[in-house]
Amino acid sequence: MKTNVDSPTAVYAAKHQSSRRRVLAASGVWLAAIGGAPALAACGATSEAPATAVKEAVALEYWSQRAPTDRLGNGVTAALDDYVAKNPDKIKLTVGEGGAALSMEKIKAALAGGTQPSLYGGHYQVQAVELMTLGAVVDLNNDLRTNKDWAKTKGELLASNVEGSSWKGKLAMMPMMLAQQVLGLNKQILVKAGVSLPPTGFTWNDFAELGKKTVVPDERWLYPWGYGWSDFNSWIYSNGLAPVSADRTKVLYDTPQMLETLQWLHDQASVTQLFRVGAAPNGDFDTHKFVGWSANEAAGIPPVRFPNVDSGDGAGLHITHFPMGPSNARKQIITYANVYGLTALKTPDAKKVALAAEVTGWGGKSDVQMKIATASGHVPPNTIAAQPENLPARIKTNPILNKIAEYGKYTYLTPNYPSWGASMVLLQENFMRIMSGQMRPKDALADAQPKIQAGVDEDLRKG
């Protein structure tokens, strides 16, 4: 019997243009069930296949936070394809909502109305934890405790990613794809200035000295410091700090070390003027107006992000860690990151919940995460999949992505409190007051600290 074969991405895209539902079946292809019996695509399949295969399969619906062709969406799809291909008699998967139209409000509305899917993917750890505090998410630690592969899989995952995807000991999401921030330097500028690439472990002072040799007043700056809270995170981690305590109960924005970081950044913008004040568009790095830039996982993935700096082969951009501050006494490399993945949502059907947990756990296995990395270009949080010899060619052969992958093991995830997004808006407002001269760095942090702590305290009372 001949069937029509399409790639999952192509059919997913077509689904949003035409039919409301398509069925995902074996070998990563999309098939339609006919009269309750399966369409057989495997070579050599006969009509004697057990008639119970489709009847026993559990129907699950998948909603994606990402558009059909988005690389993060592709990564999750690769994991789902692999599960279905190897377990065709267990699952019948349909695709529902997806892309920009799928907001957290829509997910919450579906939960309130009892129309939620079994699987939700392409989101990051904060969104998964927010849904867990609402009682809507399956605890993978509990539901996979009898799964024969789970202990091994969990042991292979980066501990920082498991912790960052958990809430009060409950694992809300399977971490699949890292997206960390690293420092990119324009190698063309350094070569022309006769400046050597900074060695591993270089410091704030080393970075400032590099700037003195390459900065051209009013024409080229060392770094674009836009007084952004997200960028600030990269610098506090490189200074050996974290925004919350190890037990995740205390906010630490009012510490002397945190002020040390913010004051140094402010001084580079307002005193030495090595940093350019205000946010700068990507194009300014591409036109050589900056020596350094906060690069991320998209840096070397086509289309080329900075064509005037790097043609796409990775030769023009030097990837390194952010320079280490004086409070990073142990000279540890720490990169600020989010992780994206898949979550199993609770539904009234126990069979669906059990299978959704199994499918989600499948996405953490090393062989599956190798396929996820191939599809997405992102660093896998599974430490076996992330070993140099196991990385896909698209990462191995690109110096930018290869270096980002090397730094994957040093990641520290964004705090996953449900209130964190709103708290960072408050912090950002104070940072803007620093930039405009209305507030000193010390006062900005002191004002934000109790407000952010209040949000965390409220979060900890939930769930």
# chains A, B, ... in the order shown; residues from 1 in each chain; ligands from 1
call {"tool": "residues_around", "arguments": {"residues": "A:Ala405", "least_positions_apart": "6", "cutoff": "9 Å", "atoms": "only C-alpha atoms", "output": "ChimeraX atom specification"}}
result
/A:178,297,378-380,386-388,391,395-396
call {"tool": "closest_atom_pairs", "arguments": {"of": "stretch 372-410 of chain A", "to": "stretch 326-346 of chain A", "cutoff": "8 Å", "atoms": "only C-alpha atoms", "output": "JSON lines"}}
result
{"residue": "A:Tyr407", "atom": "CA", "partner": "A:Thr335", "partner_atom": "CA", "distance": 7.2}
{"residue": "A:Gly408", "atom": "CA", "partner": "A:Thr335", "partner_atom": "CA", "distance": 7.7}
{"residue": "A:Tyr410", "atom": "CA", "partner": "A:Ile334", "partner_atom": "CA", "distance": 5.0}
call {"tool": "write_last_selection", "arguments": {"atoms": "C-alpha atoms", "output": "compact mmCIF listing (two decimals), in the first residue's frame"}}
result
# COMPACT_ATOMS: atom_id res chain seq x y z
CA TYR A 407 30.35 26.37 27.28
CA GLY A 408 27.05 24.54 27.63
CA TYR A 410 28.73 26.00 32.55
call {"tool": "residues_around", "arguments": {"residues": "A:Val182", "least_positions_apart": "5", "cutoff": "8 Å", "atoms": "only C-alpha atoms", "output": "list of chain:residue names"}}
result
A:Ser234, A:Ser294, A:Ala295, A:Asn296, A:Ile319, A:Thr320, A:His321, A:Phe322, A:Thr335, A:Tyr336, A:Ile404
call {"tool": "closest_residue", "arguments": {"among": "A:Asn430, A:Ser423, A:Ser311, A:Ser118", "to": "A:Lys351", "atoms": "only C-alpha atoms"}}
result
A:Ser118
call {"tool": "select_by_dssp", "arguments": {"residues": "stretch 154-222 of chain A", "states": "strand (DSSP E)", "output": "ChimeraX atom specification"}}
result
/A:166-167,170-171,174-180,182-186
call {"tool": "closest_atom_pairs", "arguments": {"of": "stretch 179-231 of chain A", "to": "stretch 435-441 of chain A", "cutoff": "12 Å", "atoms": "only C-alpha atoms", "output": "CSV"}}
result
residue,atom,partner,partner_atom,distance
A:Trp225,CA,A:Met435,CA,10.1
A:Gly226,CA,A:Met435,CA,8.5
A:Tyr227,CA,A:Met435,CA,6.9
A:Gly228,CA,A:Met435,CA,10.2
call {"tool": "residues_around", "arguments": {"residues": "A:Asp459", "least_positions_apart": "2", "cutoff": "9 Å", "atoms": "only C-alpha atoms", "output": "PDB file with N, CA and C atoms, in the first residue's frame"}}
result
ATOM      1  N   THR A 133       2.734  25.623  39.143  1.00  0.00           N
ATOM      2  CA  THR A 133       2.173  26.232  40.352  1.00  0.00           C
ATOM      3  C   THR A 133       0.652  26.306  40.293  1.00  0.00           C
ATOM      4  N   TYR A 417      10.927  31.513  38.988  1.00  0.00           N
ATOM      5  CA  TYR A 417       9.751  31.969  39.730  1.00  0.00           C
ATOM      6  C   TYR A 417       8.714  32.553  38.769  1.00  0.00           C
ATOM      7  N   PRO A 418       7.441  32.264  38.966  1.00  0.00           N
ATOM      8  CA  PRO A 418       6.414  32.838  38.102  1.00  0.00           C
ATOM      9  C   PRO A 418       6.410  34.368  38.094  1.00  0.00           C
ATOM     10  N   SER A 419       6.855  34.976  39.182  1.00  0.00           N
ATOM     11  CA  SER A 419       6.856  36.443  39.266  1.00  0.00           C
ATOM     12  C   SER A 419       8.096  37.075  38.638  1.00  0.00           C
ATOM     13  N   ALA A 454       9.410  40.241  47.573  1.00  0.00           N
ATOM     14  CA  ALA A 454       7.991  40.040  47.864  1.00  0.00           C
ATOM     15  C   ALA A 454       7.350  39.115  46.841  1.00  0.00           C
ATOM     16  N   GLY A 455       7.736  39.265  45.565  1.00  0.00           N
ATOM     17  CA  GLY A 455       7.200  38.385  44.523  1.00  0.00           C
ATOM     18  C   GLY A 455       7.655  36.952  44.717  1.00  0.00           C
ATOM     19  N   VAL A 456       8.935  36.763  45.071  1.00  0.00           N
ATOM     20  CA  VAL A 456       9.464  35.425  45.312  1.00  0.00           C
ATOM     21  C   VAL A 456       8.780  34.787  46.511  1.00  0.00           C
ATOM     22  N   ASP A 457       8.599  35.569  47.579  1.00  0.00           N
ATOM     23  CA  ASP A 457       7.925  35.031  48.776  1.00  0.00           C
ATOM     24  C   ASP A 457       6.526  34.536  48.441  1.00  0.00           C
ATOM     25  N   ARG A 461       4.909  30.462  48.329  1.00  0.00           N
ATOM     26  CA  ARG A 461       3.716  30.040  49.058  1.00  0.00           C
ATOM     27  C   ARG A 461       2.766  29.228  48.185  1.00  0.00           C
ATOM     28  N   LYS A 462       3.054  29.221  46.896  1.00  0.00           N
ATOM     29  CA  LYS A 462       2.186  28.526  45.946  1.00  0.00           C
ATOM     30  C   LYS A 462       2.686  27.099  45.681  1.00  0.00           C
ATOM     31  N   GLY A 463       1.800  26.309  45.119  1.00  0.00           N
ATOM     32  CA  GLY A 463       2.225  25.048  44.488  1.00  0.00           C
ATOM     33  C   GLY A 463       2.606  23.967  45.461  1.00  0.00           C
TER      34      GLY A 463
END
call {"tool": "atom_distance", "arguments": {"atom1": "atom CA of A:Arg276", "atom2": "atom CA of A:Ala315"}}
result
25.5 Å
call {"tool": "residues_around", "arguments": {"residues": "A:Trp167", "least_positions_apart": "3", "cutoff": "10 Å", "atoms": "only C-alpha atoms", "output": "PyMOL selection string"}}
result
chain A and resi 125-126+128-130+132-133+139+162-164+170-173+416-417+460+463
call {"tool": "residues_around", "arguments": {"residues": "stretch 106-110 of chain A", "least_positions_apart": "3", "cutoff": "12 Å", "atoms": "only C-alpha atoms", "output": "PyMOL selection string"}}
result
chain A and resi 62-65+96-103+113-121+123+127-128+130-137+345-347
call {"tool": "write_last_selection", "arguments": {"atoms": "C-alpha atoms", "output": "PDB file, in the first residue's frame"}}
result
ATOM      1  CA  TYR A  62       0.506  18.500  21.103  1.00  0.00           C
ATOM      2  CA  TRP A  63       0.567  22.297  21.258  1.00  0.00           C
ATOM      3  CA  SER A  64       3.736  24.159  20.318  1.00  0.00           C
ATOM      4  CA  GLN A  65       4.899  27.538  21.566  1.00  0.00           C
ATOM      5  CA  GLY A  96      -3.227  21.619  17.786  1.00  0.00           C
ATOM      6  CA  GLU A  97      -2.389  25.242  18.544  1.00  0.00           C
ATOM      7  CA  GLY A  98       1.024  26.643  17.723  1.00  0.00           C
ATOM      8  CA  GLY A  99       3.208  29.637  17.023  1.00  0.00           C
ATOM      9  CA  ALA A 100       2.724  33.266  17.963  1.00  0.00           C
ATOM     10  CA  ALA A 101      -1.008  32.780  18.539  1.00  0.00           C
ATOM     11  CA  LEU A 102      -0.325  30.448  21.469  1.00  0.00           C
ATOM     12  CA  SER A 103       0.053  32.700  24.507  1.00  0.00           C
ATOM     13  CA  GLY A 113     -12.136  25.022  30.196  1.00  0.00           C
ATOM     14  CA  GLY A 114     -10.781  21.478  30.294  1.00  0.00           C
ATOM     15  CA  THR A 115      -9.617  21.611  26.663  1.00  0.00           C
ATOM     16  CA  GLN A 116      -5.861  21.529  27.314  1.00  0.00           C
ATOM     17  CA  PRO A 117      -3.534  19.292  25.259  1.00  0.00           C
ATOM     18  CA  SER A 118      -1.484  16.484  26.779  1.00  0.00           C
ATOM     19  CA  LEU A 119       1.823  17.886  25.506  1.00  0.00           C
ATOM     20  CA  TYR A 120       3.102  21.450  25.411  1.00  0.00           C
ATOM     21  CA  GLY A 121       6.482  22.217  23.852  1.00  0.00           C
ATOM     22  CA  HIS A 123       8.612  26.946  25.822  1.00  0.00           C
ATOM     23  CA  GLN A 127       6.578  29.030  31.667  1.00  0.00           C
ATOM     24  CA  ALA A 128       6.594  25.369  32.663  1.00  0.00           C
ATOM     25  CA  GLU A 130       4.229  28.821  36.203  1.00  0.00           C
ATOM     26  CA  LEU A 131       1.860  26.155  34.913  1.00  0.00           C
ATOM     27  CA  MET A 132       3.070  23.742  37.595  1.00  0.00           C
ATOM     28  CA  THR A 133       2.173  26.232  40.352  1.00  0.00           C
ATOM     29  CA  LEU A 134      -1.355  26.128  38.933  1.00  0.00           C
ATOM     30  CA  GLY A 135      -1.432  22.347  39.416  1.00  0.00           C
ATOM     31  CA  ALA A 136      -1.542  21.754  35.667  1.00  0.00           C
ATOM     32  CA  VAL A 137       1.759  19.968  35.027  1.00  0.00           C
ATOM     33  CA  LEU A 345       0.018  18.522  31.112  1.00  0.00           C
ATOM     34  CA  LYS A 346      -2.500  16.894  33.402  1.00  0.00           C
ATOM     35  CA  THR A 347      -5.791  15.674  31.893  1.00  0.00           C
TER      36      THR A 347
END
call {"tool": "atom_distance", "arguments": {"atom1": "atom CA of A:Lys154", "atom2": "atom CA of A:Ala79"}}
result
16.2 Å
call {"tool": "atom_distance", "arguments": {"atom1": "atom CA of A:Met424", "atom2": "atom CA of A:Trp293"}}
result
21.5 Å
call {"tool": "closest_residue", "arguments": {"among": "A:Lys90, A:Lys289, A:His266, A:Arg248", "to": "A:Lys168", "atoms": "only C-alpha atoms"}}
result
A:Arg248
